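A.B. asks: Mind having a look at this structure? Questions to follow.
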Amino acid sequence: MKIELVELRRIAMPLRRPFRTSFGTQTRRDILLVRVVTDVGEGWGECVALADPVYSSEYVEGAQQVLRDYLAPQALAAPLASARRLADRVSAVMGHRMAKAALETALLDAELRAASMSLATYLGGVRDRVDCGVSVGIAPSVPELLDEVRGYVEEGYLRIKLKVEPGWDIEPVAAVRAEFGDDLLLQVDANTAYTTTDLRRLARFDEFDLLLIEQPFAEEDLESHRVLSETIRTPVCLDESVVSAASAADAIRRGACSVVNIKAGRVGGYLEAARVHDVCSALGVPVWCGGMLETGLGRAANVALASLPGFTLPGDTSGSARFYVEDITEPFVLEDGQLAVPQGPGLGVTPRTDVLDELTTSREELTAR
Ligand code: NPG
């Protein structure tokens, strides 16, 4: 595959409602999209880096710079036998997994379109619909949280994930459990907001029969997650700490988690995400597909990933309408709590150019030097 052009396009998408987590409030998304033009056709990828380095060290401006100055020039320098070879080509660049993932996804999309194969088939997907959960931000008050959750339950979401932080944890979780009953699949996500001084507080989550507690401690702190896993009955799940298949295997072997959230951007792409899935399956650990407020482009790829056999828990694969009034692709619409896995070649979706052009804030085109 000869890559002729890499386009970096930034779009601004307003969120339907502010999304508050322990690391801040998102009201709009500043999203970097990558389009490649190759001798076999074009492909698209979405970079999940946020505007600011608050979820992980990556952020959108940095991702664009590393794509412009390092990754795209290396990809453009010589033909690639396949998208699978990109990781080797750019291995001298440390980290920047979200930027690498976006470029690799665009190349995979181009390659699979040319081969008339869907991403789900290519990755080893086994189902054509996936179970969907929804992530609920920190609300201004418990009554407002209950209203928001009620809306999602009525829409058919199969599992609710509540964002928590010290001071917004036991009370909202207790209220949601009391209001919606014991059958509601419920889990919490702390995005690293706690320290080991909070062990006793975290143990109180055991009362609520949660599916899991996600990433209470810092990204590097596997030891505290291990201690918590030994202290509480609620399964401990890792998100931020898992940046590769090797780190997933390490965390599991150390006893730091018994469930893994897989986000392709965080681990460097869908190929590595499938390897994380494989390693977790081999070690008997269930996985689920995380989300980063993707547009339809990233959502399509996430749903394809979630169709792999080890994804046995509902993912943060919500419908387009959860975050956006208008998506840049055909909208993903929930049906009986599930989304259909795109069957078309590549990602199976393409951005609608009219919508995209209206949202575009900048664009640059890179060609071989
Ligand atoms: O459904 O796309 C989604 C969002 C899921 O809560 C979600 N993502 O930490 O997992 C997370 C969280 C997140 C939110 C991550 C904002 C980054 C930014």
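We name chains A, B, ... following the order of the structure tokens; residues begin at 1 in each chain, and ligands are numbered from 1 as shown.
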Please return as number ranges by chain the residues found within 6 Å of ligand 1, counting only C-alpha atoms and all ligand atoms.

C.D. replies: A: 55, 134-135, 191, 290-294, 316-318

A.B. asks: Put those residues in a file: C-alpha atoms, as a PDB file, in the first residue's frame.

C.D. replies:
ATOM      1  CA  TYR A  55      -7.348  11.771  31.077  1.00  0.00           C
ATOM      2  CA  VAL A 134     -23.966   4.184  29.074  1.00  0.00           C
ATOM      3  CA  SER A 135     -21.603   6.331  31.109  1.00  0.00           C
ATOM      4  CA  ASN A 191     -10.764   7.903  36.720  1.00  0.00           C
ATOM      5  CA  GLY A 290     -14.612   1.628  26.649  1.00  0.00           C
ATOM      6  CA  GLY A 291     -15.507   4.893  24.970  1.00  0.00           C
ATOM      7  CA  MET A 292     -13.972   8.342  24.552  1.00  0.00           C
ATOM      8  CA  LEU A 293     -17.020  10.263  23.325  1.00  0.00           C
ATOM      9  CA  GLU A 294     -16.276   9.196  19.765  1.00  0.00           C
ATOM     10  CA  ASP A 316     -19.563   2.220  26.756  1.00  0.00           C
ATOM     11  CA  THR A 317     -20.816   1.848  23.203  1.00  0.00           C
ATOM     12  CA  SER A 318     -23.779   4.159  23.466  1.00  0.00           C
TER      13      SER A 318
END

A.B. asks: With DSSP run on the backbone, what are the helix (DSSP H, G or I) residues within segment 157-222 of chain A? I'd like them as a ChimeraX atom specification.

C.D. replies: /A:170-180,196-208,222

A.B. asks: Using only C-alpha atoms, can you tell me which of A:Arg35, A:Arg159, A:Arg204, A:Arg129 comes closest to Leu297 of chain A?

C.D. replies: A:Arg35

A.B. asks: Just checking: using only C-alpha atoms, which residue out of A:Gly296, A:Leu359, A:Asp250, A:Ala304 ends up closest to Leu283 of chain A?

C.D. replies: A:Asp250

A.B. asks: One number please: atom CA of Thr350 of chain A to atom CA of Leu67 of chain A, in Å, one decimal.

C.D. replies: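 Calculated distance between atom CA of Thr350 of chain A and atom CA of Leu67 of chain A is 21.5 Å.
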
A.B. asks: Among the residues of segment 34-65 of chain A, find those DSSP assigns to strand (DSSP E) from the backbone and print them as number ranges by chain.

C.D. replies: A: 34-38, 41-47

A.B. asks: Could you please determine the separation between atom CA of Leu339 of chain A and atom CA of Asp128 of chain A in Å, to one decimal place?

C.D. replies: 8.6 Å

A.B. asks: I want to know what sits within 6 Å of segment 254-271 of chain A, based on only C-alpha atoms, with residues of the same chain fewer than 4 positions away left out; could you give that as a PyMOL selection string?

C.D. replies: chain A and resi 97-98+100-101+222+225-226+236-239+243-244+285-290

A.B. asks: For C-alpha atoms, I'd like the residues from the last selection saved as a PDB file, in the first residue's frame.

C.D. replies:
ATOM      1  CA  ARG A  97      -0.622   5.770  21.269  1.00  0.00           C
ATOM      2  CA  MET A  98      -3.770   7.741  20.487  1.00  0.00           C
ATOM      3  CA  LYS A 100      -0.673   6.131  16.288  1.00  0.00           C
ATOM      4  CA  ALA A 101      -4.076   4.494  16.667  1.00  0.00           C
ATOM      5  CA  LEU A 222      -0.899  -1.333  40.266  1.00  0.00           C
ATOM      6  CA  HIS A 225      -5.274  -1.817  42.897  1.00  0.00           C
ATOM      7  CA  ARG A 226      -3.965  -5.198  44.038  1.00  0.00           C
ATOM      8  CA  VAL A 236     -11.615  -4.175  40.225  1.00  0.00           C
ATOM      9  CA  CYS A 237     -11.341  -3.103  36.565  1.00  0.00           C
ATOM     10  CA  LEU A 238      -8.457  -1.192  35.004  1.00  0.00           C
ATOM     11  CA  ASP A 239      -8.677   1.428  32.268  1.00  0.00           C
ATOM     12  CA  VAL A 243      -1.657   0.715  27.730  1.00  0.00           C
ATOM     13  CA  SER A 244      -0.725  -2.515  25.897  1.00  0.00           C
ATOM     14  CA  VAL A 285     -10.457 -12.131  32.412  1.00  0.00           C
ATOM     15  CA  PRO A 286     -13.646 -10.612  30.935  1.00  0.00           C
ATOM     16  CA  VAL A 287     -13.295  -7.381  28.954  1.00  0.00           C
ATOM     17  CA  TRP A 288     -15.584  -4.634  27.758  1.00  0.00           C
ATOM     18  CA  CYS A 289     -15.209  -1.844  25.253  1.00  0.00           C
ATOM     19  CA  GLY A 290     -14.612   1.628  26.649  1.00  0.00           C
TER      20      GLY A 290
END

A.B. asks: Return the single residue from A:Arg369, A:Arg352, A:Arg363, A:Lys163 that is closest to Gly24 of chain A, with distances computed using only C-alpha atoms.

C.D. replies: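 Checking each candidate against Gly24 of chain A, we get A:Lys163 as the closest.
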
A.B. asks: Which one is closest to Val173 of chain A: A:Glu42, A:Asp209, A:Glu364, A:Asp109? Count only C-alpha atoms.

C.D. replies: A:Asp209

A.B. asks: Would you pick out the contacts of Ser57 of chain A at 10 Å or less, using only C-alpha atoms, so that residues sharing its chain but fewer than 5 positions from it are not included, and give the list as a VMD selection string?

C.D. replies: chain A and resid 49 to 50 52 62 95 to 96

A.B. asks: Take the residues from that selection and put them in a file with all heavy atoms, as a PDB file, in the first residue's frame.

C.D. replies:
ATOM      1  N   ALA A  49      -7.739  11.568  21.522  1.00  0.00           N
ATOM      2  CA  ALA A  49      -7.116  12.492  22.486  1.00  0.00           C
ATOM      3  C   ALA A  49      -8.069  13.649  22.788  1.00  0.00           C
ATOM      4  O   ALA A  49      -8.703  14.190  21.889  1.00  0.00           O
ATOM      5  CB  ALA A  49      -5.807  13.022  21.924  1.00  0.00           C
ATOM      6  N   LEU A  50      -8.150  14.009  24.057  1.00  0.00           N
ATOM      7  CA  LEU A  50      -8.986  15.146  24.467  1.00  0.00           C
ATOM      8  C   LEU A  50      -8.251  16.448  24.187  1.00  0.00           C
ATOM      9  O   LEU A  50      -7.057  16.449  23.881  1.00  0.00           O
ATOM     10  CB  LEU A  50      -9.287  15.059  25.959  1.00  0.00           C
ATOM     11  CG  LEU A  50     -10.008  13.820  26.469  1.00  0.00           C
ATOM     12  CD1 LEU A  50     -10.267  13.953  27.963  1.00  0.00           C
ATOM     13  CD2 LEU A  50     -11.316  13.592  25.726  1.00  0.00           C
ATOM     14  N   ASP A  52      -7.311  18.578  26.324  1.00  0.00           N
ATOM     15  CA  ASP A  52      -6.296  18.802  27.360  1.00  0.00           C
ATOM     16  C   ASP A  52      -5.768  17.473  27.898  1.00  0.00           C
ATOM     17  O   ASP A  52      -6.481  16.475  27.885  1.00  0.00           O
ATOM     18  CB  ASP A  52      -6.912  19.597  28.523  1.00  0.00           C
ATOM     19  CG  ASP A  52      -7.506  20.914  28.041  1.00  0.00           C
ATOM     20  OD1 ASP A  52      -6.760  21.703  27.451  1.00  0.00           O
ATOM     21  OD2 ASP A  52      -8.717  21.126  28.234  1.00  0.00           O
ATOM     22  N   GLY A  62      -1.050  18.031  20.687  1.00  0.00           N
ATOM     23  CA  GLY A  62       0.163  17.212  20.687  1.00  0.00           C
ATOM     24  C   GLY A  62       0.053  16.049  19.707  1.00  0.00           C
ATOM     25  O   GLY A  62       1.014  15.707  19.012  1.00  0.00           O
ATOM     26  N   GLY A  95       5.495   6.174  22.911  1.00  0.00           N
ATOM     27  CA  GLY A  95       4.161   6.590  23.378  1.00  0.00           C
ATOM     28  C   GLY A  95       3.284   7.102  22.239  1.00  0.00           C
ATOM     29  O   GLY A  95       3.276   6.534  21.152  1.00  0.00           O
ATOM     30  N   HIS A  96       2.530   8.164  22.533  1.00  0.00           N
ATOM     31  CA  HIS A  96       1.633   8.769  21.533  1.00  0.00           C
ATOM     32  C   HIS A  96       0.719   7.732  20.903  1.00  0.00           C
ATOM     33  O   HIS A  96       0.510   7.700  19.695  1.00  0.00           O
ATOM     34  CB  HIS A  96       2.437   9.543  20.481  1.00  0.00           C
ATOM     35  CG  HIS A  96       3.122  10.732  21.063  1.00  0.00           C
ATOM     36  ND1 HIS A  96       2.450  11.878  21.418  1.00  0.00           N
ATOM     37  CD2 HIS A  96       4.416  10.918  21.416  1.00  0.00           C
ATOM     38  CE1 HIS A  96       3.298  12.739  21.951  1.00  0.00           C
ATOM     39  NE2 HIS A  96       4.497  12.177  21.975  1.00  0.00           N
TER      40      HIS A  96
END
